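Report on the structure given below.
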Amino acid sequence: MQSNNEEGSSLFSNRALRSLLIPLLIELTLTLAVGMIDSVMVASAGEAAVSGVSLVDTVMQLLIHVFQALATGGAVVAGQYIGHREKDKAQEAAGQLIWFSGLFSLLVAILFCSGHSLILKLLYGKITREVYGFADIYLIITACSIPAIAVFEAGAAVFRTMGNARVTMEISMLMNGINAVLNAVFIYGFHMATKGAALATLIARVIAAVVITVLLLNQKLELHLNRTIRYRFNAKMVGDILRIGVPNGVENGMFQLGKVIVVSLVAGLGTAEITAHAVTQTIANVQVIPGMAVNTAAITVISYCVGAGDNEQVRYYNRKLQLISYGALFVTIGLSIIFLPGILSLYGLSEITAKMTTVCILIHGIGAIFLWTPTFVLPAVLRAAGDVKFAMILSVCSMWIFRIGFAHFAVNFFHWGVPGVWVAMIVDWIFRSIVFVFRFRSGKWQGKGVVG
């Protein structure tokens, strides 16, 4: 990873950064593009089907973010050990991450499969019987894919820690290709609607988890899995991973829970509002793809710098990564707004739903250009440096006060409808971005690394 170019003593050359960012960008683009295609396919079964799938996807995203947070904990620990030139401990951290993620996710899957009806009733009690029917079958099937999600996310984090984002990109291409093809077969060929979409997702995720596990059994890799089914629990190593992963997981989990609560609020407004929110969420995710790629790359880059004990490199790469994020977001969000009418036409929305969606997308896009980077990339830098508790406390408090609290007032008192939910999100971003900037400039994140 060390540079031999004009950057002198920099730990990452421009080429090394590109080798991380470009595959991540492609991987995220494919994933979200397939997500859009899926939602368009499901739309053939009607707006109730789209609503049912979107409600469950919000819950599943909560779980995905929790396992991504756990994977981030493992990546930070392994990355800092590599930066500190302790390869054996980095290897141990990678193995503990994958085993622990797999076993923990199995318990979560059992809970979700057995309690699917209760989960939907507690979260979305106000939805219509038709929407509930679509959501219930979709939740039961996709819950079976939870262990596959956890293993894939852990394995992907290990490969990225080694600086090899190309492998995860290629597996993601395979997974999303299978998902798209099976969606078409099940939805259009067998007319299985949401059941078909769920089965396609399950099969694709299981295949991806199997492939990445097999690849990690290659003993020649810097970080690999030992060829044994015996798991020797390392309390200290898992504790280090959880020290980073749990606050990050709580933060991500609460963030997604906030989304679930907001969607529950939207669910009481009607099917058109649920659909507008769901479509906006899909397109909003596409708008910030470059930022998400930078966010993920920051974990690898900054953890190496912290492990090497070089805080000046942390500051240097923080500036560099943020500039990349700002520039790329401006391009992708600008293009999405320009082509928005054509994109919305694919969904076959009613006129009122299309108008609501357009307003929400503009609110998100304009806000994201200026606020997404300091709200999400900067705290990723802090987490990679080990400053996870501050990021967790700030994000959780801001989410409950602004994103949920203000959304409640916007919908129930100001009667702004769905656009009010997205305005509340922007208010949340403003507060968090200001505080995160002051935190980083204060230097209080220094000395919080796992190693050293």
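Residues are named by chain letter and number: chains run A, B, ... in the order of the structure tokens, numbers start at 1 in each chain, and ligands are numbered from 1 in the order shown.
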Write out, as CSV, each residue of segment 158-235 of chain A that has an atom at most 12 Å from segment 53-67 of chain A, together with the closest pair of atoms and their distance in Å to one decimal, counting only C-alpha atoms, rows going by chain and rising number.
residue,atom,partner,partner_atom,distance
A:Ala193,CA,A:Val53,CA,10.1
A:Thr194,CA,A:Val53,CA,6.9
A:Lys195,CA,A:Val53,CA,9.9
A:Gly196,CA,A:Val53,CA,11.4
A:Ala197,CA,A:Val53,CA,8.9
A:Ala198,CA,A:Val53,CA,8.9
A:Thr201,CA,A:Asp57,CA,11.3
A:Arg205,CA,A:Ile64,CA,11.9
Near Leu107 of chain A, counting only C-alpha atoms, which residues have an atom at most 12 Å away, once you skip same-chain residues fewer than 6 positions from it, shown as a PyMOL selection string?
chain A and resi 100-101+113-114+143-144+146-147+150
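The closest residue to Leu265 of chain A, picked from A:Asn179, A:Asn412, A:Ser433, A:Gln322 and counting only C-alpha atoms, is A:Asn412.
If you measure from each of A:Leu139, A:Ser345, A:Thr161, A:Ala180 to Lys87 of chain A using only C-alpha atoms, the closest one turns out to be A:Thr161.
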Between atom CA of Phe414 of chain A and atom CA of Gly270 of chain A, what is the distance, to one decimal in Å?
17.4 Å
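The residue that comes closest to Ser105 of chain A, out of A:Asp136, A:Glu130, A:Asp387, A:Glu153 and on the basis of only C-alpha atoms, is A:Glu153.
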Long-range neighbours of Ser19 of chain A as a PyMOL selection string, 10 Å cut-off, only C-alpha atoms, 4 positions minimum in chain:
chain A and resi 13-15+23-24+163-166+297
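Distance-wise, atom CA of Met192 of chain A and atom CA of Met356 of chain A end up 29.1 Å apart.
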So what do you get for atom CA of Thr296 of chain A versus atom CA of Gln281 of chain A, distance-wise?
20.0 Å
Can you list, as a PDB file with N, CA, C and O atoms, in the first residue's frame, every protein, DNA or RNA residue that comes within 10 Å of segment 224-241 of chain A when you count only C-alpha atoms, leaving out same-chain residues fewer than 6 positions away?
ATOM      1  N   ALA A  69     -21.682  -2.867  10.319  1.00  0.00           N
ATOM      2  CA  ALA A  69     -20.975  -2.225  11.430  1.00  0.00           C
ATOM      3  C   ALA A  69     -20.047  -3.214  12.125  1.00  0.00           C
ATOM      4  O   ALA A  69     -18.913  -2.881  12.485  1.00  0.00           O
ATOM      5  N   LEU A  70     -20.527  -4.441  12.315  1.00  0.00           N
ATOM      6  CA  LEU A  70     -19.689  -5.482  12.905  1.00  0.00           C
ATOM      7  C   LEU A  70     -18.486  -5.754  12.007  1.00  0.00           C
ATOM      8  O   LEU A  70     -17.350  -5.883  12.479  1.00  0.00           O
ATOM      9  N   ALA A  71     -18.739  -5.815  10.691  1.00  0.00           N
ATOM     10  CA  ALA A  71     -17.651  -6.023   9.739  1.00  0.00           C
ATOM     11  C   ALA A  71     -16.670  -4.861   9.773  1.00  0.00           C
ATOM     12  O   ALA A  71     -15.452  -5.056   9.654  1.00  0.00           O
ATOM     13  N   THR A  72     -17.189  -3.654   9.944  1.00  0.00           N
ATOM     14  CA  THR A  72     -16.321  -2.482  10.054  1.00  0.00           C
ATOM     15  C   THR A  72     -15.414  -2.592  11.279  1.00  0.00           C
ATOM     16  O   THR A  72     -14.228  -2.244  11.223  1.00  0.00           O
ATOM     17  N   GLY A  73     -15.972  -3.094  12.381  1.00  0.00           N
ATOM     18  CA  GLY A  73     -15.157  -3.296  13.577  1.00  0.00           C
ATOM     19  C   GLY A  73     -13.998  -4.231  13.305  1.00  0.00           C
ATOM     20  O   GLY A  73     -12.847  -3.961  13.683  1.00  0.00           O
ATOM     21  N   GLY A  74     -14.272  -5.329  12.603  1.00  0.00           N
ATOM     22  CA  GLY A  74     -13.215  -6.263  12.250  1.00  0.00           C
ATOM     23  C   GLY A  74     -12.207  -5.660  11.299  1.00  0.00           C
ATOM     24  O   GLY A  74     -10.989  -5.883  11.428  1.00  0.00           O
ATOM     25  N   ALA A  75     -12.698  -4.874  10.335  1.00  0.00           N
ATOM     26  CA  ALA A  75     -11.810  -4.242   9.359  1.00  0.00           C
ATOM     27  C   ALA A  75     -10.888  -3.222  10.017  1.00  0.00           C
ATOM     28  O   ALA A  75      -9.703  -3.128   9.691  1.00  0.00           O
ATOM     29  N   VAL A  76     -11.433  -2.447  10.957  1.00  0.00           N
ATOM     30  CA  VAL A  76     -10.622  -1.441  11.659  1.00  0.00           C
ATOM     31  C   VAL A  76      -9.536  -2.126  12.488  1.00  0.00           C
ATOM     32  O   VAL A  76      -8.368  -1.733  12.454  1.00  0.00           O
ATOM     33  N   VAL A  77      -9.916  -3.170  13.227  1.00  0.00           N
ATOM     34  CA  VAL A  77      -8.936  -3.875  14.060  1.00  0.00           C
ATOM     35  C   VAL A  77      -7.857  -4.516  13.189  1.00  0.00           C
ATOM     36  O   VAL A  77      -6.653  -4.346  13.441  1.00  0.00           O
ATOM     37  N   ALA A  78      -8.262  -5.248  12.152  1.00  0.00           N
ATOM     38  CA  ALA A  78      -7.289  -5.898  11.270  1.00  0.00           C
ATOM     39  C   ALA A  78      -6.428  -4.864  10.549  1.00  0.00           C
ATOM     40  O   ALA A  78      -5.208  -5.034  10.422  1.00  0.00           O
ATOM     41  N   LYS A  89      -1.819 -11.063  14.237  1.00  0.00           N
ATOM     42  CA  LYS A  89      -3.010 -10.577  14.938  1.00  0.00           C
ATOM     43  C   LYS A  89      -4.081 -10.095  13.951  1.00  0.00           C
ATOM     44  O   LYS A  89      -5.276 -10.246  14.214  1.00  0.00           O
ATOM     45  N   ALA A  90      -3.647  -9.530  12.835  1.00  0.00           N
ATOM     46  CA  ALA A  90      -4.595  -9.127  11.794  1.00  0.00           C
ATOM     47  C   ALA A  90      -5.321 -10.355  11.253  1.00  0.00           C
ATOM     48  O   ALA A  90      -6.538 -10.331  11.013  1.00  0.00           O
ATOM     49  N   GLN A  91      -4.558 -11.434  11.051  1.00  0.00           N
ATOM     50  CA  GLN A  91      -5.119 -12.694  10.585  1.00  0.00           C
ATOM     51  C   GLN A  91      -6.146 -13.249  11.577  1.00  0.00           C
ATOM     52  O   GLN A  91      -7.239 -13.678  11.199  1.00  0.00           O
ATOM     53  N   GLU A  92      -5.817 -13.203  12.843  1.00  0.00           N
ATOM     54  CA  GLU A  92      -6.722 -13.682  13.887  1.00  0.00           C
ATOM     55  C   GLU A  92      -8.001 -12.850  13.928  1.00  0.00           C
ATOM     56  O   GLU A  92      -9.109 -13.388  14.083  1.00  0.00           O
ATOM     57  N   ALA A  93      -7.862 -11.550  13.772  1.00  0.00           N
ATOM     58  CA  ALA A  93      -9.035 -10.661  13.783  1.00  0.00           C
ATOM     59  C   ALA A  93      -9.979 -10.995  12.639  1.00  0.00           C
ATOM     60  O   ALA A  93     -11.208 -11.009  12.815  1.00  0.00           O
ATOM     61  N   ALA A  94      -9.439 -11.284  11.468  1.00  0.00           N
ATOM     62  CA  ALA A  94     -10.262 -11.617  10.306  1.00  0.00           C
ATOM     63  C   ALA A  94     -11.052 -12.902  10.542  1.00  0.00           C
ATOM     64  O   ALA A  94     -12.263 -12.974  10.263  1.00  0.00           O
ATOM     65  N   GLY A  95     -10.381 -13.924  11.080  1.00  0.00           N
ATOM     66  CA  GLY A  95     -11.062 -15.182  11.345  1.00  0.00           C
ATOM     67  C   GLY A  95     -12.145 -15.058  12.399  1.00  0.00           C
ATOM     68  O   GLY A  95     -13.260 -15.588  12.242  1.00  0.00           O
ATOM     69  N   GLN A  96     -11.854 -14.348  13.468  1.00  0.00           N
ATOM     70  CA  GLN A  96     -12.839 -14.146  14.527  1.00  0.00           C
ATOM     71  C   GLN A  96     -14.055 -13.375  14.014  1.00  0.00           C
ATOM     72  O   GLN A  96     -15.196 -13.671  14.384  1.00  0.00           O
ATOM     73  N   LEU A  97     -13.825 -12.408  13.151  1.00  0.00           N
ATOM     74  CA  LEU A  97     -14.919 -11.616  12.589  1.00  0.00           C
ATOM     75  C   LEU A  97     -15.897 -12.497  11.826  1.00  0.00           C
ATOM     76  O   LEU A  97     -17.121 -12.410  12.026  1.00  0.00           O
ATOM     77  N   ILE A  98     -15.385 -13.336  10.940  1.00  0.00           N
ATOM     78  CA  ILE A  98     -16.259 -14.135  10.083  1.00  0.00           C
ATOM     79  C   ILE A  98     -17.022 -15.185  10.889  1.00  0.00           C
ATOM     80  O   ILE A  98     -18.235 -15.359  10.721  1.00  0.00           O
ATOM     81  N   TRP A  99     -16.340 -15.892  11.789  1.00  0.00           N
ATOM     82  CA  TRP A  99     -17.004 -16.890  12.607  1.00  0.00           C
ATOM     83  C   TRP A  99     -18.074 -16.266  13.514  1.00  0.00           C
ATOM     84  O   TRP A  99     -19.208 -16.762  13.594  1.00  0.00           O
ATOM     85  N   PHE A 100     -17.712 -15.200  14.192  1.00  0.00           N
ATOM     86  CA  PHE A 100     -18.650 -14.572  15.121  1.00  0.00           C
ATOM     87  C   PHE A 100     -19.864 -14.013  14.367  1.00  0.00           C
ATOM     88  O   PHE A 100     -21.005 -14.159  14.816  1.00  0.00           O
ATOM     89  N   GLY A 155     -16.772 -11.112   5.042  1.00  0.00           N
ATOM     90  CA  GLY A 155     -15.769 -11.488   4.054  1.00  0.00           C
ATOM     91  C   GLY A 155     -15.350 -10.324   3.180  1.00  0.00           C
ATOM     92  O   GLY A 155     -14.157 -10.146   2.873  1.00  0.00           O
ATOM     93  N   VAL A 158     -12.951  -8.115   4.992  1.00  0.00           N
ATOM     94  CA  VAL A 158     -11.609  -8.695   5.061  1.00  0.00           C
ATOM     95  C   VAL A 158     -10.850  -8.439   3.759  1.00  0.00           C
ATOM     96  O   VAL A 158      -9.675  -8.032   3.772  1.00  0.00           O
ATOM     97  N   PHE A 159     -11.501  -8.652   2.619  1.00  0.00           N
ATOM     98  CA  PHE A 159     -10.837  -8.409   1.332  1.00  0.00           C
ATOM     99  C   PHE A 159     -10.479  -6.933   1.172  1.00  0.00           C
ATOM    100  O   PHE A 159      -9.399  -6.597   0.672  1.00  0.00           O
ATOM    101  N   THR A 213     -16.642 -17.158   0.981  1.00  0.00           N
ATOM    102  CA  THR A 213     -16.051 -18.042   1.982  1.00  0.00           C
ATOM    103  C   THR A 213     -15.014 -18.966   1.349  1.00  0.00           C
ATOM    104  O   THR A 213     -13.914 -19.156   1.891  1.00  0.00           O
ATOM    105  N   VAL A 214     -15.353 -19.529   0.188  1.00  0.00           N
ATOM    106  CA  VAL A 214     -14.418 -20.414  -0.515  1.00  0.00           C
ATOM    107  C   VAL A 214     -13.141 -19.659  -0.888  1.00  0.00           C
ATOM    108  O   VAL A 214     -12.023 -20.170  -0.721  1.00  0.00           O
ATOM    109  N   LEU A 215     -13.285 -18.430  -1.354  1.00  0.00           N
ATOM    110  CA  LEU A 215     -12.108 -17.641  -1.732  1.00  0.00           C
ATOM    111  C   LEU A 215     -11.221 -17.341  -0.530  1.00  0.00           C
ATOM    112  O   LEU A 215      -9.987 -17.329  -0.638  1.00  0.00           O
ATOM    113  N   LEU A 216     -11.822 -17.114   0.624  1.00  0.00           N
ATOM    114  CA  LEU A 216     -11.045 -16.803   1.826  1.00  0.00           C
ATOM    115  C   LEU A 216     -10.325 -18.019   2.400  1.00  0.00           C
ATOM    116  O   LEU A 216      -9.486 -17.879   3.291  1.00  0.00           O
ATOM    117  N   LEU A 217     -10.637 -19.207   1.905  1.00  0.00           N
ATOM    118  CA  LEU A 217      -9.932 -20.410   2.340  1.00  0.00           C
ATOM    119  C   LEU A 217      -8.577 -20.566   1.657  1.00  0.00           C
ATOM    120  O   LEU A 217      -7.826 -21.488   1.974  1.00  0.00           O
ATOM    121  N   ASN A 218      -8.279 -19.660   0.728  1.00  0.00           N
ATOM    122  CA  ASN A 218      -6.970 -19.665   0.061  1.00  0.00           C
ATOM    123  C   ASN A 218      -5.895 -19.260   1.077  1.00  0.00           C
ATOM    124  O   ASN A 218      -5.818 -18.104   1.492  1.00  0.00           O
ATOM    125  N   VAL A 450      -7.004   0.902  18.497  1.00  0.00           N
ATOM    126  CA  VAL A 450      -7.021  -0.381  19.173  1.00  0.00           C
ATOM    127  C   VAL A 450      -5.618  -0.869  19.471  1.00  0.00           C
ATOM    128  O   VAL A 450      -5.354  -1.478  20.503  1.00  0.00           O
ATOM    129  N   VAL A 451      -4.671  -0.625  18.565  1.00  0.00           N
ATOM    130  CA  VAL A 451      -3.301  -1.121  18.709  1.00  0.00           C
ATOM    131  C   VAL A 451      -2.366   0.010  19.082  1.00  0.00           C
ATOM    132  O   VAL A 451      -2.705   1.178  19.032  1.00  0.00           O
TER     133      VAL A 451
END
Which residues in segment 162-277 of chain A does DSSP call helix (DSSP H, G or I)? List them as an MDAnalysis selection string.
chainID A and resid 165:189 193:216 235:267 271:277
Kindly indicate which residue among A:Leu329, A:Val377, A:Leu269, A:Val50 lies nearest to Tyr317 of chain A, using only C-alpha atoms for the distances.
A:Val377
Env of Met425 of chain A: 8 Å cut, atoms = only C-alpha atoms, seq-sep filter 3 positions within chain, self excluded. Answer as a list in words.
Phe402, Arg403, Ala407, Val421, Trp422, Asp428 and Trp429 of chain A
Just-selected residues, all heavy atoms written as a PDB file, in the first residue's frame:
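Result file follows (selection-v6.pdb):
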ATOM      1  N   PHE A 402     -33.989  15.332  15.745  1.00  0.00           N
ATOM      2  CA  PHE A 402     -34.295  16.024  14.491  1.00  0.00           C
ATOM      3  C   PHE A 402     -34.999  15.139  13.462  1.00  0.00           C
ATOM      4  O   PHE A 402     -36.070  15.492  12.977  1.00  0.00           O
ATOM      5  CB  PHE A 402     -33.016  16.604  13.889  1.00  0.00           C
ATOM      6  CG  PHE A 402     -32.361  17.635  14.752  1.00  0.00           C
ATOM      7  CD1 PHE A 402     -31.168  17.378  15.405  1.00  0.00           C
ATOM      8  CD2 PHE A 402     -32.953  18.872  14.940  1.00  0.00           C
ATOM      9  CE1 PHE A 402     -30.567  18.331  16.215  1.00  0.00           C
ATOM     10  CE2 PHE A 402     -32.376  19.837  15.755  1.00  0.00           C
ATOM     11  CZ  PHE A 402     -31.172  19.564  16.394  1.00  0.00           C
ATOM     12  N   ARG A 403     -34.404  13.982  13.151  1.00  0.00           N
ATOM     13  CA  ARG A 403     -34.970  13.180  12.073  1.00  0.00           C
ATOM     14  C   ARG A 403     -36.344  12.629  12.438  1.00  0.00           C
ATOM     15  O   ARG A 403     -37.266  12.645  11.627  1.00  0.00           O
ATOM     16  CB  ARG A 403     -34.030  12.035  11.713  1.00  0.00           C
ATOM     17  CG  ARG A 403     -34.525  11.211  10.545  1.00  0.00           C
ATOM     18  CD  ARG A 403     -33.395  10.585   9.792  1.00  0.00           C
ATOM     19  NE  ARG A 403     -33.835  10.111   8.497  1.00  0.00           N
ATOM     20  CZ  ARG A 403     -33.018   9.697   7.556  1.00  0.00           C
ATOM     21  NH1 ARG A 403     -31.717   9.740   7.758  1.00  0.00           N
ATOM     22  NH2 ARG A 403     -33.475   9.265   6.404  1.00  0.00           N
ATOM     23  N   ALA A 407     -39.698  15.206  12.091  1.00  0.00           N
ATOM     24  CA  ALA A 407     -40.571  14.552  11.104  1.00  0.00           C
ATOM     25  C   ALA A 407     -41.985  14.409  11.657  1.00  0.00           C
ATOM     26  O   ALA A 407     -42.972  14.594  10.929  1.00  0.00           O
ATOM     27  CB  ALA A 407     -40.011  13.189  10.724  1.00  0.00           C
ATOM     28  N   VAL A 421     -40.904  14.712   5.894  1.00  0.00           N
ATOM     29  CA  VAL A 421     -39.992  13.692   6.401  1.00  0.00           C
ATOM     30  C   VAL A 421     -38.583  13.936   5.874  1.00  0.00           C
ATOM     31  O   VAL A 421     -37.590  13.806   6.599  1.00  0.00           O
ATOM     32  CB  VAL A 421     -40.480  12.290   5.985  1.00  0.00           C
ATOM     33  CG1 VAL A 421     -39.420  11.226   6.267  1.00  0.00           C
ATOM     34  CG2 VAL A 421     -41.785  11.954   6.704  1.00  0.00           C
ATOM     35  N   TRP A 422     -38.489  14.320   4.600  1.00  0.00           N
ATOM     36  CA  TRP A 422     -37.179  14.552   3.994  1.00  0.00           C
ATOM     37  C   TRP A 422     -36.571  15.880   4.436  1.00  0.00           C
ATOM     38  O   TRP A 422     -35.348  16.007   4.541  1.00  0.00           O
ATOM     39  CB  TRP A 422     -37.298  14.461   2.470  1.00  0.00           C
ATOM     40  CG  TRP A 422     -37.595  13.048   2.056  1.00  0.00           C
ATOM     41  CD1 TRP A 422     -38.822  12.460   1.948  1.00  0.00           C
ATOM     42  CD2 TRP A 422     -36.635  12.031   1.776  1.00  0.00           C
ATOM     43  NE1 TRP A 422     -38.695  11.143   1.606  1.00  0.00           N
ATOM     44  CE2 TRP A 422     -37.357  10.842   1.488  1.00  0.00           C
ATOM     45  CE3 TRP A 422     -35.246  11.995   1.735  1.00  0.00           C
ATOM     46  CZ2 TRP A 422     -36.729   9.646   1.163  1.00  0.00           C
ATOM     47  CZ3 TRP A 422     -34.619  10.804   1.400  1.00  0.00           C
ATOM     48  CH2 TRP A 422     -35.355   9.646   1.130  1.00  0.00           C
ATOM     49  N   ASP A 428     -31.417  17.209  10.364  1.00  0.00           N
ATOM     50  CA  ASP A 428     -30.529  16.284  11.076  1.00  0.00           C
ATOM     51  C   ASP A 428     -29.109  16.363  10.524  1.00  0.00           C
ATOM     52  O   ASP A 428     -28.133  16.438  11.285  1.00  0.00           O
ATOM     53  CB  ASP A 428     -31.100  14.867  10.924  1.00  0.00           C
ATOM     54  CG  ASP A 428     -30.181  13.790  11.484  1.00  0.00           C
ATOM     55  OD1 ASP A 428     -29.493  14.054  12.472  1.00  0.00           O
ATOM     56  OD2 ASP A 428     -30.176  12.674  10.923  1.00  0.00           O
ATOM     57  N   TRP A 429     -28.970  16.357   9.214  1.00  0.00           N
ATOM     58  CA  TRP A 429     -27.655  16.433   8.570  1.00  0.00           C
ATOM     59  C   TRP A 429     -26.920  17.733   8.920  1.00  0.00           C
ATOM     60  O   TRP A 429     -25.714  17.716   9.131  1.00  0.00           O
ATOM     61  CB  TRP A 429     -27.794  16.339   7.063  1.00  0.00           C
ATOM     62  CG  TRP A 429     -28.146  14.970   6.560  1.00  0.00           C
ATOM     63  CD1 TRP A 429     -28.387  13.849   7.302  1.00  0.00           C
ATOM     64  CD2 TRP A 429     -28.295  14.600   5.195  1.00  0.00           C
ATOM     65  NE1 TRP A 429     -28.683  12.796   6.466  1.00  0.00           N
ATOM     66  CE2 TRP A 429     -28.636  13.220   5.178  1.00  0.00           C
ATOM     67  CE3 TRP A 429     -28.198  15.276   3.985  1.00  0.00           C
ATOM     68  CZ2 TRP A 429     -28.858  12.513   3.992  1.00  0.00           C
ATOM     69  CZ3 TRP A 429     -28.416  14.585   2.808  1.00  0.00           C
ATOM     70  CH2 TRP A 429     -28.738  13.218   2.812  1.00  0.00           C
TER      71      TRP A 429
END
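Residues in contact range of Leu340 of chain A, defined as at most 10 Å between only C-alpha atoms, with sequence neighbours fewer than 3 positions away removed, read Ile283, Gly334, Leu335, Ser336, Ile337, Ile343, Leu344, Ser345, Thr357, Thr358, Ile361 and Leu362 of chain A.
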Mind writing the picked residues with N, CA and C atoms as a compact mmCIF listing (two decimals), in the first residue's frame?
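The resulting file, out06.txt, is reproduced below:
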# COMPACT_ATOMS: atom_id res chain seq x y z
N ILE A 283 -33.98 6.07 -5.28
CA ILE A 283 -33.24 7.02 -6.11
C ILE A 283 -32.22 7.80 -5.27
N GLY A 334 -26.48 15.76 -9.81
CA GLY A 334 -26.88 16.61 -10.92
C GLY A 334 -27.47 15.80 -12.06
N LEU A 335 -26.83 14.70 -12.41
CA LEU A 335 -27.33 13.86 -13.51
C LEU A 335 -28.68 13.23 -13.15
N SER A 336 -28.82 12.80 -11.89
CA SER A 336 -30.08 12.16 -11.49
C SER A 336 -31.25 13.13 -11.57
N ILE A 337 -31.00 14.39 -11.25
CA ILE A 337 -32.07 15.40 -11.33
C ILE A 337 -32.41 15.71 -12.78
N ILE A 343 -36.62 8.65 -15.36
CA ILE A 343 -36.49 7.60 -14.34
C ILE A 343 -37.84 7.30 -13.71
N LEU A 344 -38.59 8.34 -13.38
CA LEU A 344 -39.89 8.13 -12.74
C LEU A 344 -40.89 7.47 -13.67
N SER A 345 -40.75 7.70 -14.96
CA SER A 345 -41.68 7.10 -15.92
C SER A 345 -41.60 5.57 -15.90
N THR A 357 -42.97 12.41 -5.22
CA THR A 357 -41.63 11.82 -5.36
C THR A 357 -40.63 12.84 -5.86
N THR A 358 -41.02 13.63 -6.85
CA THR A 358 -40.13 14.66 -7.42
C THR A 358 -39.70 15.67 -6.36
N ILE A 361 -37.22 14.02 -3.89
CA ILE A 361 -35.90 13.78 -4.48
C ILE A 361 -35.12 15.07 -4.59
N LEU A 362 -35.77 16.16 -4.93
CA LEU A 362 -35.08 17.45 -5.00
C LEU A 362 -34.59 17.89 -3.63
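The environment of Asn311 of chain A within 10 Å, counting only C-alpha atoms and disregarding residues fewer than 4 places along the same chain, consists of Ile302, Cys305, Val306, Gly307, Arg315, Tyr316, Tyr317, Ala385, Gly443, Trp445, Gln446 and Gly447 of chain A.
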Could you take the residues named above and write them with N, CA, C and O atoms, as a short mmCIF file (atom, residue, chain, number, x, y, z; two decimals), in the first residue's frame?
data_model
loop_
_atom_site.label_atom_id
_atom_site.label_comp_id
_atom_site.auth_asym_id
_atom_site.auth_seq_id
_atom_site.Cartn_x
_atom_site.Cartn_y
_atom_site.Cartn_z
N ILE A 302 -7.81 5.00 6.60
CA ILE A 302 -7.55 5.65 7.89
C ILE A 302 -7.08 4.66 8.94
O ILE A 302 -6.20 4.98 9.77
N CYS A 305 -3.42 4.20 8.57
CA CYS A 305 -2.69 5.38 9.04
C CYS A 305 -2.62 5.41 10.56
O CYS A 305 -1.58 5.73 11.15
N VAL A 306 -3.74 5.08 11.22
CA VAL A 306 -3.78 5.08 12.68
C VAL A 306 -2.88 3.98 13.23
O VAL A 306 -2.14 4.18 14.20
N GLY A 307 -2.93 2.79 12.60
CA GLY A 307 -2.07 1.70 13.03
C GLY A 307 -0.60 2.04 12.91
O GLY A 307 0.23 1.63 13.73
N ARG A 315 -5.06 13.25 8.66
CA ARG A 315 -5.59 14.55 8.24
C ARG A 315 -5.49 14.71 6.71
O ARG A 315 -6.42 15.22 6.08
N TYR A 316 -4.39 14.27 6.16
CA TYR A 316 -4.17 14.40 4.72
C TYR A 316 -5.23 13.61 3.94
O TYR A 316 -5.87 14.13 3.02
N TYR A 317 -5.42 12.35 4.33
CA TYR A 317 -6.38 11.52 3.60
C TYR A 317 -7.82 11.90 3.90
O TYR A 317 -8.70 11.70 3.05
N ALA A 385 -10.40 5.73 13.28
CA ALA A 385 -9.39 6.16 14.24
C ALA A 385 -9.68 5.64 15.65
O ALA A 385 -8.88 5.83 16.57
N GLY A 443 -9.06 17.47 17.42
CA GLY A 443 -8.01 16.48 17.60
C GLY A 443 -8.28 15.48 18.72
O GLY A 443 -7.41 14.67 19.06
N TRP A 445 -9.92 12.88 18.68
CA TRP A 445 -9.98 11.50 18.16
C TRP A 445 -8.63 10.80 18.25
O TRP A 445 -8.55 9.58 18.11
N GLN A 446 -7.58 11.54 18.49
CA GLN A 446 -6.23 10.96 18.50
C GLN A 446 -6.03 10.09 19.77
O GLN A 446 -6.56 10.39 20.82
N GLY A 447 -5.24 9.03 19.61
CA GLY A 447 -4.93 8.16 20.73
C GLY A 447 -6.01 7.18 21.11
O GLY A 447 -5.95 6.57 22.19
#
